[in-house]
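Visitor: Here it is, the structure, as structure tokens.
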Amino acid sequence: MTPRIWAVLPAAGRGTRFGGEVPKQYLEAAGKPLIAHALDALLSHPRIDGALVALAADDARWPGWTSRHGKPLLRCNGGGERADSVLAALHALPSDVGDDALILVHDAARPNVHAGDIDRLIDVATTHADGAILGAPVRDTLKRADAAAHIVATEPRSALWRAFTPQAFRRGALTAALERARADGVVVTDEAMAMERMGAHPALVEGREDNLKVTTPSDLTLMEWLFQSRPGQGGSE
């Protein structure tokens, strides 16, 4: 039997870097919330079986969706850190999603992931025991600065990548990695970091540069433009 593939979206954060009263996953671009775009990109993909969203316990903005594109959409309460929300979601997945299931963890405010990137990620992650993440090589020149924002050095970039999402790992291995990080008092900033601490070497899958995470108002403006340039983006059912 082919292992299941589910998506997990940690969305319990407040988006404080963006500012404003509305958590950034609920900000709109091209007529619908960023989280709806992200969910539609995932659940419209034929290889993904369902999705689980980890929300703040007091989230009053969640529309109450239980399915999209004919696939189950579940929710659970998240935690104070990204890793806490992902771990809560892993524990809340349905019982038929076994430890060998492939879990795609995706940012709720990263609404422009393309189906081709998801396909390549799944292909690599299903054949690589340590999982895989989407990303892109660093192409800009990197400068190290001092406290006064003066250049100290130019850093080599030849082996550096920017990490995107989704990040894809087996449910059992990712759960164990996140639980170990929590027990060790380490706040991991993405799922790959948790896996690296366990000695894993996830594969890097180059993805599109427009798979952007909305962090600032200018990011939202750019995302609006990207969607306007991409006719037919996303339906909800």
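Residues in the structure tokens are named by chain (A, B, ... in the order shown) and by number from 1 within that chain; ligands are numbered from 1 in the order shown.
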Write out as a PyMOL selection string the residues lying within 12 Å of A:Leu174, counting only C-alpha atoms and excluding same-chain residues fewer than 2 positions away.
Guide: chain A and resi 8+83+86-91+99-105+129-132+167-172+176-181+190-198+200+202
Visitor: One number please: atom CA of A:Asn211 to atom CA of A:Asn112, in Å, one decimal.
Guide: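 Atom CA of A:Asn112 lies 5.1 Å from atom CA of A:Asn211.
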Visitor: Let me make sure I understand: among A:Pro63, A:Gly116, A:Pro3, A:Gly80, which one has the smallest atom-to-atom distance to A:Gly98 if we use only C-alpha atoms?
Guide: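 Among A:Pro63, A:Gly116, A:Pro3, A:Gly80, it is A:Pro3 that comes nearest to A:Gly98.
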Visitor: Distance table requested - stretch 29-128 of chain A against stretch 215-219 of chain A, cut-off 12 Å, only C-alpha atoms: one row per qualifying residue with the closest atom pair and its distance in Å to one decimal, ordered by chain and rising residue number, as JSON lines.
Guide:
{"residue": "A:Ala29", "atom": "CA", "partner": "A:Asp219", "partner_atom": "CA", "distance": 10.6}
{"residue": "A:Leu34", "atom": "CA", "partner": "A:Thr215", "partner_atom": "CA", "distance": 11.6}
{"residue": "A:Asp107", "atom": "CA", "partner": "A:Thr215", "partner_atom": "CA", "distance": 11.1}
{"residue": "A:Ala108", "atom": "CA", "partner": "A:Thr215", "partner_atom": "CA", "distance": 11.2}
{"residue": "A:Ala109", "atom": "CA", "partner": "A:Thr215", "partner_atom": "CA", "distance": 7.9}
{"residue": "A:Arg110", "atom": "CA", "partner": "A:Thr215", "partner_atom": "CA", "distance": 9.3}
{"residue": "A:Pro111", "atom": "CA", "partner": "A:Asp219", "partner_atom": "CA", "distance": 11.4}
{"residue": "A:Asn112", "atom": "CA", "partner": "A:Asp219", "partner_atom": "CA", "distance": 11.9}
Visitor: So, with only C-alpha atoms as the atoms that count, which of A:Ser85, A:Asp123, A:Ala30, A:Asp140 lies closest to A:Leu222?
Guide: A:Ala30
Visitor: Of the residues A:Thr126, A:Thr154, A:Gln25, A:Ser229, which is the one nearest to A:Gly13, using only C-alpha atoms?
Guide: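 Closest to A:Gly13, using only C-alpha atoms: A:Gln25.
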Visitor: Choose the residue, out of A:Ala38, A:Ile118, A:Val22, A:Ala7, that has the smallest atom-to-atom separation from A:Gly50; count only C-alpha atoms.
Guide: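 Of the candidates, the smallest distance to A:Gly50 is held by A:Ala7.
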Visitor: Give the answer as one residue: which of A:Leu74, A:Lys213, A:Glu28, A:Asp84 has the shortest atom-to-atom distance to A:Arg182, using only C-alpha atoms?
Guide: A:Asp84
